Amino acid sequence: MSLRINDTVPDFTAQTSQGEINFHDWIGDSWAILFSHPKDFTPVCTTEFGAVAQLGDEWAKRGTKVIGVSVDGVEDHKKWIGDIASYAGTDVGFPIIADEGLAVSKAFDMLPADAYLPDGRTPADSQTVRSVFIIGPDKQLKLSMTYPMTVGRNFAEVLRALDALQASAGLGVATPANWELGQDVIVPTSVTTEDAKAKYGDVEEIFPYLRRIKFPG
């Protein structure tokens with residue numbers, strides 16, 4: 001059964017480039033982003049890890065921990081981190097999980113249960129391991145995205161989605177298409193216009209079901 005929104009994400013213990021972690025303990029009271037990769041020393045993934053490293057201050061502002069997953073070992077991860085840091089021009093401050101046995105990839109339904117890594121494998125053997133999972137402090141899945149091998153992930157969009165999730169969770173609002181932090185937000189359909197006015201002030205009613213307010217954050 002695949003992970004669905006609001007499911008509690010799997011807990012696991014694993015070795016990483018920064019030592020052993022227990023996943024739920026590592027998340028603690030933070031938001032978390034787990035982003036996964038099919039192999040170390042691959043071109044698209046190197047650019048993606050670099051992008052995540054460059055956004056270190058932005059993740060911290062949002063109380064969010066990031067962690068990578070790649071189906072190679074710790075020593076390969078540590079060597080690859082040197083390339084990533086050189087490419088990105090910044091330190092790689094987050095851990096990378098060593099998922100050689102595919103336990104994490106299978107637990108998060110990125111690979112079928114009977115998947116294995118053949119000798120001399122290529123990234124194609126684990127190509128579905130290219131996903132992003134945004135997880136709340138309650139350890140529940142809030143959003144997931146999966147990409148093909150050839151398309152680099154847009155981490156500005158991951159950051160935007162994180163902002164929207166945090167606004168929704170913290171302020172009880174919804175966000176429209178292409179929303180960015182600070183822009184007008186939407187009153188959820190579960191809230192009456194009268195209650196919205198009492199809580200937020202002015203409400204712009206475009207349709208009875210589409211009502212907009214100034215960002216209350």
# chains A, B, ... in the order shown; residues from 1 in each chain; ligands from 1
>>> residues_around(residues="segment 31-37 of chain A", least_positions_apart="5", cutoff="8 Å", atoms="only C-alpha atoms", output="JSON, numbers by chain")
{"A": [45, 63, 64, 65, 66, 67, 68, 69, 70, 71, 127, 129, 130, 131, 132, 133, 134, 135, 136, 137]}
>>> residues_around(residues="Lys139 of chain A", least_positions_apart="5", cutoff="12 Å", atoms="only C-alpha atoms", output="list in words")
Ile5, Asn6, Asp7, Thr8, Val9, Pro10, Asp11, Phe23, His24, Asp25, Trp26, Ile27, Gly28, Asp29, Ser30, Trp31, Ala32, Ile33, Leu34, Phe133 and Ile134 of chain A
>>> closest_atom_pairs(of="segment 54-110 of chain A", to="segment 156-178 of chain A", cutoff="10 Å", atoms="only C-alpha atoms", output="JSON lines")
{"residue": "A:Leu55", "atom": "CA", "partner": "A:Ala156", "partner_atom": "CA", "distance": 8.9}
{"residue": "A:Glu58", "atom": "CA", "partner": "A:Leu159", "partner_atom": "CA", "distance": 8.1}
{"residue": "A:Trp59", "atom": "CA", "partner": "A:Leu159", "partner_atom": "CA", "distance": 7.9}
{"residue": "A:Arg62", "atom": "CA", "partner": "A:Asp163", "partner_atom": "CA", "distance": 7.9}
{"residue": "A:Thr64", "atom": "CA", "partner": "A:Leu162", "partner_atom": "CA", "distance": 9.0}
>>> residues_around(residues="segment 88-101 of chain A", least_positions_apart="5", cutoff="7 Å", atoms="only C-alpha atoms", output="ChimeraX atom specification")
/A:14-18,50-51,53-54,66-74,77,81
>>> write_last_selection(atoms="C-alpha atoms", output="PDB file, in the first residue's frame")
ATOM      1  CA  ALA A  14      19.760   3.747   9.410  1.00  0.00           C
ATOM      2  CA  GLN A  15      23.359   4.720   8.923  1.00  0.00           C
ATOM      3  CA  THR A  16      23.954   8.122   7.362  1.00  0.00           C
ATOM      4  CA  SER A  17      26.883  10.281   6.350  1.00  0.00           C
ATOM      5  CA  GLN A  18      26.563  11.864   9.830  1.00  0.00           C
ATOM      6  CA  GLY A  50      23.797  21.194  -4.439  1.00  0.00           C
ATOM      7  CA  ALA A  51      20.525  23.132  -4.682  1.00  0.00           C
ATOM      8  CA  ALA A  53      22.673  22.683   0.298  1.00  0.00           C
ATOM      9  CA  GLN A  54      22.436  26.251  -1.044  1.00  0.00           C
ATOM     10  CA  VAL A  66      16.315  17.968   5.292  1.00  0.00           C
ATOM     11  CA  ILE A  67      17.771  14.531   4.722  1.00  0.00           C
ATOM     12  CA  GLY A  68      18.811  12.733   1.556  1.00  0.00           C
ATOM     13  CA  VAL A  69      18.530   9.061   0.681  1.00  0.00           C
ATOM     14  CA  SER A  70      20.695   7.253  -1.837  1.00  0.00           C
ATOM     15  CA  VAL A  71      21.036   3.526  -2.372  1.00  0.00           C
ATOM     16  CA  ASP A  72      24.792   3.461  -1.882  1.00  0.00           C
ATOM     17  CA  GLY A  73      26.955   3.179   1.227  1.00  0.00           C
ATOM     18  CA  VAL A  74      28.253   5.722   3.711  1.00  0.00           C
ATOM     19  CA  HIS A  77      28.218   9.259   0.298  1.00  0.00           C
ATOM     20  CA  ILE A  81      29.618  15.077  -0.708  1.00  0.00           C
TER      21      ILE A  81
END
>>> atom_distance(atom1="atom CA of Leu181 of chain A", atom2="atom CA of Asp57 of chain A")
16.2 Å
>>> closest_residue(among="A:Thr192, A:Ser105, A:Ser2, A:Thr47", to="Ile84 of chain A", atoms="only C-alpha atoms")
A:Thr47
>>> residues_around(residues="Tyr200 of chain A", least_positions_apart="4", cutoff="12 Å", atoms="only C-alpha atoms", output="JSON, numbers by chain")
{"A": [171, 172, 173, 184, 185, 186, 187, 191, 192, 193, 194, 195, 196, 204, 211, 212, 213, 214, 215, 216, 217]}
>>> write_last_selection(atoms="N, CA and C atoms", output="short mmCIF file (atom, residue, chain, number, x, y, z; two decimals), in the first residue's frame")
data_model
loop_
_atom_site.label_atom_id
_atom_site.label_comp_id
_atom_site.auth_asym_id
_atom_site.auth_seq_id
_atom_site.Cartn_x
_atom_site.Cartn_y
_atom_site.Cartn_z
N LEU A 171 -2.27 28.62 10.27
CA LEU A 171 -3.22 29.73 10.19
C LEU A 171 -4.62 29.30 9.78
N GLY A 172 -4.79 28.03 9.43
CA GLY A 172 -6.12 27.54 9.06
C GLY A 172 -6.63 28.10 7.75
N VAL A 173 -5.72 28.31 6.79
CA VAL A 173 -6.10 28.85 5.49
C VAL A 173 -5.70 27.86 4.40
N ASP A 184 -2.25 36.93 -0.88
CA ASP A 184 -3.59 36.61 -0.36
C ASP A 184 -3.81 35.10 -0.31
N VAL A 185 -4.62 34.68 0.64
CA VAL A 185 -4.92 33.26 0.81
C VAL A 185 -6.43 33.05 0.73
N ILE A 186 -6.83 31.80 0.79
CA ILE A 186 -8.23 31.41 0.60
C ILE A 186 -8.82 30.91 1.91
N VAL A 187 -10.09 31.27 2.12
CA VAL A 187 -10.83 30.76 3.27
C VAL A 187 -11.29 29.33 2.95
N VAL A 191 -15.20 26.84 6.61
CA VAL A 191 -15.37 28.03 7.43
C VAL A 191 -16.41 28.94 6.78
N THR A 192 -17.41 29.38 7.54
CA THR A 192 -18.42 30.29 6.98
C THR A 192 -17.83 31.68 6.78
N THR A 193 -18.45 32.44 5.91
CA THR A 193 -17.98 33.80 5.67
C THR A 193 -18.05 34.63 6.95
N GLU A 194 -19.11 34.46 7.72
CA GLU A 194 -19.26 35.20 8.97
C GLU A 194 -18.12 34.87 9.93
N ASP A 195 -17.82 33.60 10.07
CA ASP A 195 -16.73 33.21 10.95
C ASP A 195 -15.40 33.72 10.43
N ALA A 196 -15.22 33.71 9.09
CA ALA A 196 -13.98 34.20 8.50
C ALA A 196 -13.80 35.69 8.78
N GLU A 204 -13.01 38.90 0.76
CA GLU A 204 -13.45 39.16 -0.62
C GLU A 204 -14.13 37.90 -1.14
N ARG A 211 -13.39 32.47 -1.49
CA ARG A 211 -13.29 33.70 -0.73
C ARG A 211 -11.82 33.96 -0.37
N ARG A 212 -11.41 35.19 -0.54
CA ARG A 212 -10.00 35.53 -0.41
C ARG A 212 -9.81 36.54 0.73
N ILE A 213 -8.71 36.39 1.45
CA ILE A 213 -8.37 37.31 2.53
C ILE A 213 -6.88 37.66 2.44
N LYS A 214 -6.49 38.75 3.08
CA LYS A 214 -5.07 39.09 3.19
C LYS A 214 -4.36 38.04 4.02
N PHE A 215 -3.12 37.79 3.67
CA PHE A 215 -2.34 36.80 4.41
C PHE A 215 -2.24 37.23 5.87
N PRO A 216 -2.71 36.40 6.80
CA PRO A 216 -2.74 36.82 8.20
C PRO A 216 -1.47 36.54 8.97
N GLY A 217 -0.45 36.07 8.29
CA GLY A 217 0.77 35.70 8.99
C GLY A 217 1.62 36.88 9.40
#
>>> select_by_dssp(residues="segment 25-93 of chain A", states="helix (DSSP H, G or I)", output="ChimeraX atom specification")
/A:25-27,43-54,56-61,74-88
>>> write_last_selection(atoms="C-alpha atoms", output="mmCIF file, in the first residue's frame")
data_model
loop_
_atom_site.group_PDB
_atom_site.id
_atom_site.type_symbol
_atom_site.label_atom_id
_atom_site.label_comp_id
_atom_site.auth_asym_id
_atom_site.auth_seq_id
_atom_site.Cartn_x
_atom_site.Cartn_y
_atom_site.Cartn_z
ATOM 1 C CA ASP A 25 13.608 10.813 16.754
ATOM 2 C CA TRP A 26 15.673 12.743 14.211
ATOM 3 C CA ILE A 27 12.571 14.652 13.053
ATOM 4 C CA PRO A 43 24.759 14.230 -12.734
ATOM 5 C CA VAL A 44 21.177 15.345 -12.096
ATOM 6 C CA CYS A 45 21.278 14.245 -8.461
ATOM 7 C CA THR A 46 24.535 16.121 -7.873
ATOM 8 C CA THR A 47 22.905 19.356 -9.027
ATOM 9 C CA GLU A 48 19.883 18.639 -6.817
ATOM 10 C CA PHE A 49 21.914 17.983 -3.688
ATOM 11 C CA GLY A 50 23.797 21.194 -4.439
ATOM 12 C CA ALA A 51 20.525 23.132 -4.682
ATOM 13 C CA VAL A 52 19.347 21.765 -1.330
ATOM 14 C CA ALA A 53 22.673 22.683 0.298
ATOM 15 C CA GLN A 54 22.436 26.251 -1.044
ATOM 16 C CA GLY A 56 20.313 25.694 4.050
ATOM 17 C CA ASP A 57 19.365 29.045 5.601
ATOM 18 C CA GLU A 58 15.856 28.858 4.109
ATOM 19 C CA TRP A 59 15.171 25.417 5.568
ATOM 20 C CA ALA A 60 16.397 26.640 8.961
ATOM 21 C CA LYS A 61 14.122 29.712 8.872
ATOM 22 C CA VAL A 74 28.253 5.722 3.711
ATOM 23 C CA GLU A 75 31.776 5.831 2.317
ATOM 24 C CA ASP A 76 30.474 6.573 -1.184
ATOM 25 C CA HIS A 77 28.218 9.259 0.298
ATOM 26 C CA LYS A 78 31.160 10.950 2.018
ATOM 27 C CA LYS A 79 33.170 10.975 -1.214
ATOM 28 C CA TRP A 80 30.209 12.273 -3.212
ATOM 29 C CA ILE A 81 29.618 15.077 -0.708
ATOM 30 C CA GLY A 82 32.980 16.521 -1.759
ATOM 31 C CA ASP A 83 31.767 16.798 -5.359
ATOM 32 C CA ILE A 84 28.437 18.275 -4.255
ATOM 33 C CA ALA A 85 30.107 20.917 -2.079
ATOM 34 C CA SER A 86 32.498 21.820 -4.881
ATOM 35 C CA TYR A 87 29.653 22.154 -7.384
ATOM 36 C CA ALA A 88 27.374 24.139 -5.049
#
>>> closest_residue(among="A:Pro188, A:Arg4, A:Asn22, A:Lys197", to="Val104 of chain A", atoms="only C-alpha atoms")
A:Asn22
>>> select_by_dssp(residues="segment 66-209 of chain A", states="strand (DSSP E or B)", output="PyMOL selection string")
chain A and resi 66-70+96-98+131-135+140-146+174+185-186+204-207
>>> atom_distance(atom1="atom CA of Trp179 of chain A", atom2="atom CA of Tyr147 of chain A")
21.8 Å
